[in-house]
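*Asks:* Just my_file17.tsv, nothing more (TSV, C-alpha atoms and all ligand atoms):
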```tsv
chain	number	residue	atom	x	y	z
A	77	MET	CA	185.51	27.78	86.82
A	78	THR	CA	182.71	29.99	85.46
A	79	ASN	CA	179.86	28.59	83.42
A	80	ALA	CA	179.35	31.27	80.75
A	81	ILE	CA	175.88	31.32	79.21
A	82	LYS	CA	176.01	30.21	75.59
A	83	PRO	CA	174.47	32.33	72.80
A	84	LEU	CA	170.77	32.98	72.42
A	85	VAL	CA	168.56	30.36	70.78
A	86	VAL	CA	164.96	31.20	69.87
A	87	VAL	CA	162.45	28.33	69.80
A	88	THR	CA	158.96	28.94	68.44
A	89	GLY	CA	156.14	26.67	69.55
A	90	ALA	CA	158.04	25.64	72.68
A	91	SER	CA	154.86	25.00	74.68
A	92	SER	CA	154.54	21.33	73.72
A	93	GLY	CA	155.92	18.43	71.73
A	94	ILE	CA	159.03	18.92	69.62
A	95	GLY	CA	159.52	22.59	70.55
A	96	ALA	CA	159.51	21.86	74.29
A	97	ALA	CA	161.98	19.02	73.78
A	98	ILE	CA	164.27	21.26	71.71
A	99	ALA	CA	164.11	23.93	74.41
A	100	ARG	CA	165.20	21.37	77.02
A	101	ARG	CA	168.09	20.07	74.87
A	102	PHE	CA	169.46	23.55	74.10
A	103	SER	CA	169.07	24.54	77.73
A	104	GLU	CA	171.02	21.46	78.82
A	105	ALA	CA	173.76	22.59	76.44
A	106	GLY	CA	173.90	25.90	78.33
A	107	HIS	CA	172.17	28.30	75.93
A	108	ALA	CA	170.15	31.36	76.74
A	109	LEU	CA	166.66	30.89	75.33
A	110	LEU	CA	163.73	32.86	74.04
A	111	LEU	CA	160.70	30.57	74.12
A	112	VAL	CA	157.55	31.71	72.37
A	113	ALA	CA	154.07	30.23	72.01
A	114	ARG	CA	150.52	31.25	72.80
A	115	ARG	CA	150.33	29.09	75.96
A	116	LEU	CA	152.66	31.05	78.23
A	117	GLU	CA	151.92	28.80	81.21
A	118	ASN	CA	153.35	25.79	79.34
A	119	ILE	CA	156.64	27.45	78.42
A	120	GLU	CA	157.03	28.85	81.92
A	121	ALA	CA	156.36	25.38	83.35
A	122	LEU	CA	159.48	24.09	81.56
A	123	ASN	CA	161.29	26.11	84.22
A	124	LEU	CA	164.54	26.42	82.30
A	125	PRO	CA	167.40	28.69	83.43
A	126	ASN	CA	168.23	31.81	81.38
A	127	ALA	CA	165.01	31.38	79.43
A	128	MET	CA	162.82	34.33	78.54
A	129	CYS	CA	159.25	33.13	77.99
A	130	ARG	CA	156.88	35.27	75.97
A	131	GLU	CA	153.28	34.77	74.93
A	132	VAL	CA	153.51	35.33	71.19
A	133	ASP	CA	151.27	34.29	68.36
A	134	VAL	CA	153.90	33.95	65.66
A	135	THR	CA	151.47	35.19	63.02
A	136	ASP	CA	151.67	38.57	64.80
A	137	SER	CA	154.93	39.72	63.26
A	138	ALA	CA	155.23	42.84	65.44
A	139	ALA	CA	154.88	40.81	68.65
A	140	PHE	CA	157.33	38.21	67.33
A	141	ALA	CA	159.90	40.89	66.48
A	142	ALA	CA	159.40	42.68	69.83
A	143	ALA	CA	160.05	39.48	71.78
A	144	ILE	CA	163.27	38.84	69.86
A	145	LYS	CA	164.41	42.43	70.40
A	146	GLU	CA	163.75	42.14	74.13
A	147	ALA	CA	165.64	38.83	74.36
A	148	GLU	CA	168.59	40.26	72.43
A	149	ALA	CA	168.77	43.22	74.80
A	150	ARG	CA	169.18	40.74	77.67
A	151	PHE	CA	171.22	37.93	76.12
A	152	GLY	CA	172.91	39.36	73.01
A	153	PRO	CA	172.28	38.50	69.36
A	154	VAL	CA	170.28	35.47	68.25
A	155	ASP	CA	172.69	32.73	67.20
A	156	CYS	CA	170.01	30.20	66.33
A	157	LEU	CA	166.36	30.42	65.39
A	158	VAL	CA	164.36	27.19	65.51
A	159	ASN	CA	161.21	27.75	63.46
A	160	ASN	CA	159.18	24.92	64.96
A	161	ALA	CA	155.66	26.31	65.57
A	162	GLY	CA	153.20	24.53	63.34
A	163	VAL	CA	149.67	23.24	62.95
A	164	MET	CA	148.38	20.20	61.11
A	165	LEU	CA	144.69	20.27	60.29
A	166	LEU	CA	143.97	17.23	58.13
A	167	GLY	CA	140.99	17.24	55.82
A	168	GLN	CA	139.69	16.68	52.34
A	169	ILE	CA	139.80	19.59	49.95
A	170	ASP	CA	136.14	19.31	48.95
A	171	THR	CA	134.87	19.55	52.52
A	172	GLN	CA	137.55	21.26	54.63
A	173	ASP	CA	136.94	24.77	55.98
A	174	PRO	CA	139.24	27.08	53.97
A	175	MET	CA	140.05	28.91	57.21
A	176	GLU	CA	141.97	25.78	58.22
A	177	TRP	CA	144.11	26.05	55.08
A	178	LYS	CA	144.73	29.72	55.89
A	179	ARG	CA	145.70	28.96	59.49
A	180	MET	CA	148.22	26.35	58.36
A	181	PHE	CA	149.78	28.60	55.73
A	182	ASP	CA	149.86	31.56	58.16
A	183	VAL	CA	151.62	29.62	60.93
A	184	ASN	CA	153.68	27.03	59.05
A	185	VAL	CA	154.85	29.25	56.18
A	186	MET	CA	154.24	32.97	56.72
A	187	ALA	CA	155.41	33.02	60.35
A	188	LEU	CA	158.47	30.95	59.43
A	189	LEU	CA	159.36	33.54	56.78
A	190	THR	CA	158.75	36.32	59.31
A	191	GLY	CA	161.05	34.72	61.87
A	192	MET	CA	163.83	34.40	59.32
A	193	GLN	CA	163.36	37.99	58.20
A	194	ILE	CA	163.63	39.24	61.79
A	195	VAL	CA	166.99	37.55	62.49
A	196	LEU	CA	168.67	37.33	59.08
A	197	GLY	CA	169.93	40.89	58.65
A	198	ASP	CA	171.93	40.72	61.85
A	199	MET	CA	173.18	37.16	61.18
A	200	LYS	CA	174.41	38.19	57.73
A	201	ALA	CA	176.09	41.28	59.14
A	202	ARG	CA	177.83	39.19	61.81
A	203	GLU	CA	178.58	36.43	59.25
A	204	THR	CA	177.38	33.73	61.59
A	205	GLY	CA	174.15	32.16	62.82
A	206	THR	CA	171.90	29.17	62.23
A	207	ILE	CA	168.28	28.80	61.22
A	208	ILE	CA	166.66	25.43	61.79
A	209	ASN	CA	163.32	24.98	60.07
A	210	ILE	CA	161.06	22.10	61.08
A	211	SER	CA	159.53	20.70	57.93
A	212	SER	CA	158.21	17.11	57.74
A	213	VAL	CA	158.34	13.89	55.77
A	214	ALA	CA	155.18	15.55	54.44
A	215	GLY	CA	157.58	18.11	52.95
A	216	LYS	CA	159.08	15.32	50.83
A	217	LYS	CA	156.12	13.12	49.88
A	218	SER	CA	152.34	13.32	49.99
A	219	PHE	CA	149.80	11.51	52.16
A	220	PRO	CA	146.01	11.14	51.72
A	221	ASN	CA	143.97	13.89	53.48
A	222	HIS	CA	147.09	16.02	53.94
A	223	ALA	CA	146.84	18.23	50.84
A	224	ALA	CA	147.05	21.68	52.42
A	225	TYR	CA	149.42	20.56	55.19
A	226	VAL	CA	151.73	18.90	52.67
A	227	GLY	CA	151.62	22.14	50.69
A	228	THR	CA	152.87	24.08	53.71
A	229	LYS	CA	155.66	21.60	54.43
A	230	PHE	CA	156.84	21.39	50.80
A	231	ALA	CA	156.95	25.18	51.03
A	232	VAL	CA	159.06	25.02	54.21
A	233	SER	CA	161.52	22.61	52.61
A	234	SER	CA	161.88	24.54	49.38
A	235	ILE	CA	162.06	27.97	51.03
A	236	SER	CA	164.75	26.65	53.40
A	237	GLU	CA	166.87	25.21	50.62
A	238	ASN	CA	166.51	28.39	48.60
A	239	LEU	CA	167.54	30.53	51.55
A	240	ARG	CA	170.45	28.21	52.32
A	241	GLU	CA	171.89	28.89	48.88
A	242	GLU	CA	171.13	32.58	49.16
A	243	VAL	CA	173.02	33.13	52.43
A	244	ALA	CA	175.74	30.48	52.15
A	245	ASP	CA	178.33	33.10	51.24
A	246	SER	CA	177.63	35.04	54.40
A	247	GLY	CA	178.45	32.05	56.64
A	248	VAL	CA	174.88	31.67	57.92
A	249	ARG	CA	173.61	28.09	58.07
A	250	VAL	CA	170.06	27.11	57.10
A	251	MET	CA	169.07	23.59	58.13
A	252	THR	CA	165.90	21.61	57.62
A	253	ILE	CA	164.62	18.73	59.72
A	254	CYS	CA	161.91	16.53	58.23
A	255	PRO	CA	160.41	14.35	60.98
A	256	GLY	CA	158.19	11.39	60.33
A	257	ALA	CA	155.38	10.74	62.79
A	258	VAL	CA	156.18	11.89	66.34
A	259	GLU	CA	153.96	11.43	69.39
A	260	THR	CA	152.83	15.02	70.23
A	261	GLU	CA	149.65	17.10	70.34
A	262	LEU	CA	149.84	17.77	66.59
A	263	LEU	CA	147.05	15.41	65.50
A	264	SER	CA	144.68	16.60	68.23
A	265	HIS	CA	143.65	19.72	66.29
A	266	THR	CA	142.19	17.76	63.37
A	267	THR	CA	138.40	17.65	63.78
A	268	ASP	CA	137.51	14.84	61.34
A	269	LYS	CA	137.22	11.79	63.60
A	270	ASP	CA	137.63	9.26	60.76
A	271	ILE	CA	140.86	10.88	59.62
A	272	VAL	CA	142.17	10.93	63.21
A	273	ALA	CA	141.25	7.24	63.65
A	274	GLY	CA	142.98	6.35	60.37
A	275	TYR	CA	146.12	8.24	61.41
A	276	ASP	CA	146.15	6.52	64.81
A	277	ALA	CA	145.79	3.11	63.11
A	278	TRP	CA	148.68	3.98	60.78
A	279	LYS	CA	150.89	4.87	63.76
A	280	GLU	CA	149.94	1.62	65.49
A	281	SER	CA	150.65	-0.40	62.34
A	282	MET	CA	154.30	0.63	62.51
A	283	GLY	CA	154.55	-0.35	66.17
A	284	GLY	CA	154.89	3.17	67.52
A	285	VAL	CA	156.44	6.40	66.34
A	286	LEU	CA	159.22	8.74	67.40
A	287	VAL	CA	159.23	10.78	70.60
A	288	ALA	CA	159.86	14.53	70.59
A	289	ASP	CA	163.33	14.18	72.06
A	290	ASP	CA	164.43	12.16	69.01
A	291	ILE	CA	164.01	15.36	67.01
A	292	ALA	CA	165.52	17.54	69.74
A	293	ARG	CA	168.68	15.40	69.86
A	294	THR	CA	168.95	15.69	66.11
A	295	ALA	CA	168.57	19.48	66.20
A	296	ALA	CA	171.19	19.78	68.94
A	297	PHE	CA	173.60	17.56	66.97
A	298	MET	CA	173.14	19.57	63.77
A	299	TYR	CA	173.56	22.90	65.52
A	300	GLY	CA	176.54	21.59	67.50
A	301	GLN	CA	178.68	21.07	64.40
A	302	PRO	CA	181.32	23.71	63.70
A	303	GLN	CA	179.87	26.79	61.97
A	304	GLY	CA	181.69	25.76	58.77
A	305	VAL	CA	179.70	22.52	58.63
A	306	ASN	CA	176.07	22.58	57.55
A	307	ILE	CA	173.95	19.43	57.87
A	308	ARG	CA	171.45	20.77	55.40
A	309	ASP	CA	168.47	18.47	55.42
A	310	VAL	CA	167.68	15.52	57.65
A	311	VAL	CA	164.79	13.08	57.34
A	312	ILE	CA	164.20	11.22	60.60
A	313	ALA	CA	161.38	8.75	61.11
A	314	ALA	CA	160.53	5.55	62.94
A	315	THR	CA	162.40	2.69	61.32
A	316	ARG	CA	159.15	0.95	60.40
A	317	GLN	CA	157.56	4.07	58.87
A	318	GLN	CA	157.19	3.48	55.13
B	401	LIG	P1	152.44	20.26	68.91
B	401	LIG	O1	151.02	20.49	68.53
B	401	LIG	O2	152.73	19.51	70.16
B	401	LIG	O3	153.23	21.64	68.97
B	401	LIG	C1	152.96	22.69	68.09
B	401	LIG	C2	153.54	23.94	68.70
B	401	LIG	O4	153.29	25.04	67.80
B	401	LIG	C3	152.91	24.32	70.03
B	401	LIG	O5	153.92	24.69	70.92
B	401	LIG	C4	152.02	25.50	69.69
B	401	LIG	O6	151.98	26.41	70.78
B	401	LIG	C5	152.79	26.13	68.55
B	401	LIG	N1	151.94	27.01	67.76
B	401	LIG	C6	150.89	26.68	66.97
B	401	LIG	N2	150.33	27.79	66.46
B	401	LIG	C7	151.05	28.84	66.95
B	401	LIG	C8	150.96	30.24	66.81
B	401	LIG	N3	150.01	30.81	66.04
B	401	LIG	N4	151.85	31.02	67.47
B	401	LIG	C9	152.80	30.47	68.25
B	401	LIG	N5	152.95	29.14	68.41
B	401	LIG	C10	152.07	28.35	67.77
B	401	LIG	O7	153.08	19.53	67.65
B	401	LIG	P2	154.58	19.10	67.29
B	401	LIG	O8	155.49	19.31	68.41
B	401	LIG	O9	154.46	17.78	66.68
B	401	LIG	O10	154.88	20.13	66.10
B	401	LIG	C11	156.05	20.91	66.02
B	401	LIG	C12	156.45	21.01	64.57
B	401	LIG	O11	156.84	19.73	64.09
B	401	LIG	C13	155.36	21.50	63.63
B	401	LIG	O12	155.90	22.41	62.70
B	401	LIG	C14	154.92	20.24	62.93
B	401	LIG	O13	154.35	20.50	61.67
B	401	LIG	C15	156.23	19.49	62.85
B	401	LIG	N6	156.13	18.05	62.63
B	401	LIG	C16	155.50	17.25	63.54
B	401	LIG	C17	155.37	15.90	63.29
B	401	LIG	C18	154.64	14.99	64.21
B	401	LIG	O14	154.34	13.83	63.82
B	401	LIG	N7	154.33	15.38	65.43
B	401	LIG	C19	155.94	15.30	62.08
B	401	LIG	C20	156.59	16.22	61.22
B	401	LIG	C21	156.68	17.54	61.49
B	401	LIG	P3	150.66	27.16	71.31
B	401	LIG	O15	149.48	26.31	70.98
B	401	LIG	O16	150.91	27.30	72.78
B	401	LIG	O17	150.68	28.48	70.62
```
Let's see the structure in the file written out as structure tokens.

*Replies:*
Amino acid sequence: MTNAIKPLVVVTGASSGIGAAIARRFSEAGHALLLVARRLENIEALNLPNAMCREVDVTDSAAFAAAIKEAEARFGPVDCLVNNAGVMLLGQIDTQDPMEWKRMFDVNVMALLTGMQIVLGDMKARETGTIINISSVAGKKSFPNHAAYVGTKFAVSSISENLREEVADSGVRVMTICPGAVETELLSHTTDKDIVAGYDAWKESMGGVLVADDIARTAAFMYGQPQGVNIRDVVIAATRQQ
């Protein structure tokens, strides 16, 4: 019996946390992968079969598009794009460096739009395909010190829902996952020590948070439904998260 490689899945931000876990889950399911992030050594260290690893800053749209083109030449058309790359830089509006707001909007929103633009034309033409956008509970409700980050994630959720309606007729699925707190590197980029300490205390108060594979299992389940079934929007958080 031959084990045919399943269609190409692109995972952005696969070098740590949720993206790495999603890459492992889709690899286990037998998919060809394009894994992109800036830390090439991390995605290569996942050591997954049929995985093309490329050092791409997703805010560089030409590099992002070139990597996808190269992967498609090897594995065939993208069947699923997981727009996972993201940054969370918590801060207060009156004191935060505006460059941090720009970085979050560039990565979390602009690069997500870019990724969708790169793959959508072909998906619509083939009348199949899935886009999974990683939003957040912070794309549903606000939290103190999260103003700009929440803005990016509300944008991800609303853009995804808008696109879902826009392409529904073509058979392309757009799905959104809104995780609550997950143990990853995400918080480590926030420089305000008091905010980091407060966030850590909040995680402890709920007796621990999710692990990255909780989100990866969810993504694999959503994608694994028949193409005619679209699990549009999932909120997944630790049971004790308020
Ligand atoms: P991590 O910090 O562990 O992972 C973030 C990933 O994004 C890394 O692989 C990083 O790769 C990549 N990334 C960041 N900037 C860029 C860039 N310019 N170009 C390419 N890749 C980039 O955090 P998580 O795994 O937690 O985050 C994944 C997603 O999940 C994010 O969108 C986040 O907002 C979302 N999320 C996370 C939650 C949590 O509690 N952890 C909760 C809700 C949502 P590299 O640095 O190598 O480029």

*Asks:* Give me the residues within 12 Å of Lys178 of chain A as an MDAnalysis selection string, counting all atoms listed in the file and dropping any in the same chain fewer than 6 places off.

*Replies:* chainID A and resid 135 163:165 172 184:186 224:225 227:228

*Asks:* Which neighbours of segment 137-148 of chain A fall inside 7 Å, counting only C-alpha atoms, when residues of the same chain fewer than 4 positions from it are skipped, and could you give them as a list in words?

*Replies:* Leu110, Met128, Arg130, Val132, Gly152, Pro153, Val154, Thr190 and Ile194 of chain A

*Asks:* If you measure from atom CA of His265 of chain A to atom CA of Thr315 of chain A, what distance in Å do you get, rounded to one decimal?

*Replies:*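 Going from atom CA of His265 of chain A over to atom CA of Thr315 of chain A, I get 25.8 Å.
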
*Asks:* Step by step, measure atom-to-atom distances between ligand LIG 401 (chain B) and each residue using all atoms listed in the file, keep those at most 7 Å, then write them as a ChimeraX atom specification.

*Replies:* /A:88-95,112-116,132-135,160-164,183-184,210-214,254-262,288

*Asks:* From the options A:Arg179, A:His222, A:Arg202, A:Arg249, which residue's atoms come nearest to Asp309 of chain A, counting only C-alpha atoms?

*Replies:*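 Comparing A:Arg179, A:His222, A:Arg202, A:Arg249 against Asp309 of chain A, the winner is A:Arg249.
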
*Asks:* So that I can see what lies close to Ile169 of chain A, please list as a ChimeraX atom specification the residues with an atom at most 12 Å from it, counting all atoms listed in the file and leaving out residues fewer than 5 positions away in the same chain.

*Replies:* /A:174-177,220-225

*Asks:* Using all atoms listed in the file, determine which residues lie at most 12 Å from Ala80 of chain A, disregarding the query and same-chain residues fewer than 6 positions distant; provide the list as an NGL selection string.

*Replies:* :A and (105-108 or 126 or 151)

*Asks:* Which residue out of A:Ala273, A:Ile208, A:Met199, A:Leu239 has the minimum interatomic distance to Tyr299 of chain A when only C-alpha atoms are used?

*Replies:*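 Residue with the minimum atom-to-atom distance to Tyr299 of chain A: A:Ile208.
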
*Asks:* State, in Å with one decimal place, the distance from atom CA of Met298 of chain A to atom CA of Leu189 of chain A.

*Replies:*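 Atom-to-atom, atom CA of Met298 of chain A to atom CA of Leu189 of chain A, that is 20.8 Å.
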
*Asks:* Hey, could you pull the box centre and edge lengths for segment 187-193 of chain A, axis-aligned, 4 Å padding per side, all listed atoms, to one decimal in Å, as AutoDock Vina command-line options?

*Replies:*
```
--center_x 159.6 --center_y 34.5 --center_z 59.3 --size_x 16.4 --size_y 15.0 --size_z 13.1
```

*Asks:* My list of candidates is A:Ala97, A:Met192, A:Leu111, A:Ile119. Which is closest to Val85 of chain A when distances are computed with only C-alpha atoms?

*Replies:*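 Of A:Ala97, A:Met192, A:Leu111, A:Ile119, the one nearest Val85 of chain A, counting only C-alpha atoms, is A:Leu111.
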
*Asks:* How many Å separate atom CA of Asn306 of chain A from atom CA of Met251 of chain A?

*Replies:* 7.1 Å

*Asks:* Could you check the closest approach to Leu109 of chain A for each of A:Glu241, A:Ala121, A:Lys200, A:Asp155 and tell me which residue wins, using only C-alpha atoms?

*Replies:* A:Asp155

*Asks:* Write out as a PyMOL selection string each polymer residue whose atoms come within 7 Å of Val248 of chain A, counting only C-alpha atoms; drop sequence neighbours fewer than 4 positions from it.

*Replies:* chain A and resi 199-200+203-206+243-244

*Asks:* I'd like to know which of A:Ser218, A:Ser264, A:Ser246, A:Gln318 is closest to Ala201 of chain A, using all atoms listed in the file.

*Replies:*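 Among the listed residues, A:Ser246 lies closest to Ala201 of chain A.
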
*Asks:* Out of A:Cys129, A:Ala149, A:Leu188, A:Leu124, which residue has the shortest atom-to-atom distance to Ile207 of chain A when counting all atoms listed in the file?

*Replies:*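 Among A:Cys129, A:Ala149, A:Leu188, A:Leu124, it is A:Leu188 that comes nearest to Ile207 of chain A.
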
*Asks:* Give me segment 187-204 of chain A with N, CA and C atoms filled in, as a PDB file, in the frame of the given file.

*Replies:*
```pdb
ATOM      1  N   ALA A 187     154.696  32.693  59.099  1.00  0.00           N
ATOM      2  CA  ALA A 187     155.410  33.020  60.350  1.00  0.00           C
ATOM      3  C   ALA A 187     156.850  32.548  60.297  1.00  0.00           C
ATOM      4  N   LEU A 188     157.095  31.450  59.599  1.00  0.00           N
ATOM      5  CA  LEU A 188     158.470  30.950  59.430  1.00  0.00           C
ATOM      6  C   LEU A 188     159.295  31.974  58.623  1.00  0.00           C
ATOM      7  N   LEU A 189     158.686  32.503  57.561  1.00  0.00           N
ATOM      8  CA  LEU A 189     159.360  33.540  56.780  1.00  0.00           C
ATOM      9  C   LEU A 189     159.622  34.777  57.643  1.00  0.00           C
ATOM     10  N   THR A 190     158.607  35.144  58.435  1.00  0.00           N
ATOM     11  CA  THR A 190     158.750  36.320  59.310  1.00  0.00           C
ATOM     12  C   THR A 190     159.915  36.133  60.270  1.00  0.00           C
ATOM     13  N   GLY A 191     159.971  34.976  60.901  1.00  0.00           N
ATOM     14  CA  GLY A 191     161.050  34.720  61.870  1.00  0.00           C
ATOM     15  C   GLY A 191     162.403  34.870  61.208  1.00  0.00           C
ATOM     16  N   MET A 192     162.531  34.316  60.015  1.00  0.00           N
ATOM     17  CA  MET A 192     163.830  34.400  59.320  1.00  0.00           C
ATOM     18  C   MET A 192     164.145  35.852  58.973  1.00  0.00           C
ATOM     19  N   GLN A 193     163.118  36.589  58.561  1.00  0.00           N
ATOM     20  CA  GLN A 193     163.360  37.990  58.200  1.00  0.00           C
ATOM     21  C   GLN A 193     163.831  38.792  59.411  1.00  0.00           C
ATOM     22  N   ILE A 194     163.258  38.493  60.579  1.00  0.00           N
ATOM     23  CA  ILE A 194     163.630  39.240  61.790  1.00  0.00           C
ATOM     24  C   ILE A 194     165.114  39.047  62.122  1.00  0.00           C
ATOM     25  N   VAL A 195     165.618  37.815  61.996  1.00  0.00           N
ATOM     26  CA  VAL A 195     166.990  37.550  62.490  1.00  0.00           C
ATOM     27  C   VAL A 195     168.064  37.622  61.399  1.00  0.00           C
ATOM     28  N   LEU A 196     167.664  37.524  60.128  1.00  0.00           N
ATOM     29  CA  LEU A 196     168.670  37.330  59.080  1.00  0.00           C
ATOM     30  C   LEU A 196     169.631  38.501  58.871  1.00  0.00           C
ATOM     31  N   GLY A 197     169.083  39.713  58.920  1.00  0.00           N
ATOM     32  CA  GLY A 197     169.930  40.890  58.650  1.00  0.00           C
ATOM     33  C   GLY A 197     171.134  40.901  59.585  1.00  0.00           C
ATOM     34  N   ASP A 198     170.859  40.677  60.857  1.00  0.00           N
ATOM     35  CA  ASP A 198     171.930  40.720  61.850  1.00  0.00           C
ATOM     36  C   ASP A 198     172.880  39.529  61.673  1.00  0.00           C
ATOM     37  N   MET A 199     172.307  38.339  61.381  1.00  0.00           N
ATOM     38  CA  MET A 199     173.180  37.160  61.180  1.00  0.00           C
ATOM     39  C   MET A 199     174.118  37.404  59.997  1.00  0.00           C
ATOM     40  N   LYS A 200     173.573  37.954  58.909  1.00  0.00           N
ATOM     41  CA  LYS A 200     174.410  38.190  57.730  1.00  0.00           C
ATOM     42  C   LYS A 200     175.495  39.222  58.048  1.00  0.00           C
ATOM     43  N   ALA A 201     175.115  40.245  58.786  1.00  0.00           N
ATOM     44  CA  ALA A 201     176.090  41.280  59.140  1.00  0.00           C
ATOM     45  C   ALA A 201     177.197  40.698  60.013  1.00  0.00           C
ATOM     46  N   ARG A 202     176.830  39.783  60.908  1.00  0.00           N
ATOM     47  CA  ARG A 202     177.830  39.190  61.810  1.00  0.00           C
ATOM     48  C   ARG A 202     178.537  37.989  61.178  1.00  0.00           C
ATOM     49  N   GLU A 203     178.030  37.581  59.992  1.00  0.00           N
ATOM     50  CA  GLU A 203     178.580  36.430  59.250  1.00  0.00           C
ATOM     51  C   GLU A 203     178.589  35.164  60.076  1.00  0.00           C
ATOM     52  N   THR A 204     177.537  34.976  60.844  1.00  0.00           N
ATOM     53  CA  THR A 204     177.380  33.730  61.590  1.00  0.00           C
ATOM     54  C   THR A 204     175.906  33.594  61.989  1.00  0.00           C
TER      55      THR A 204
END
```
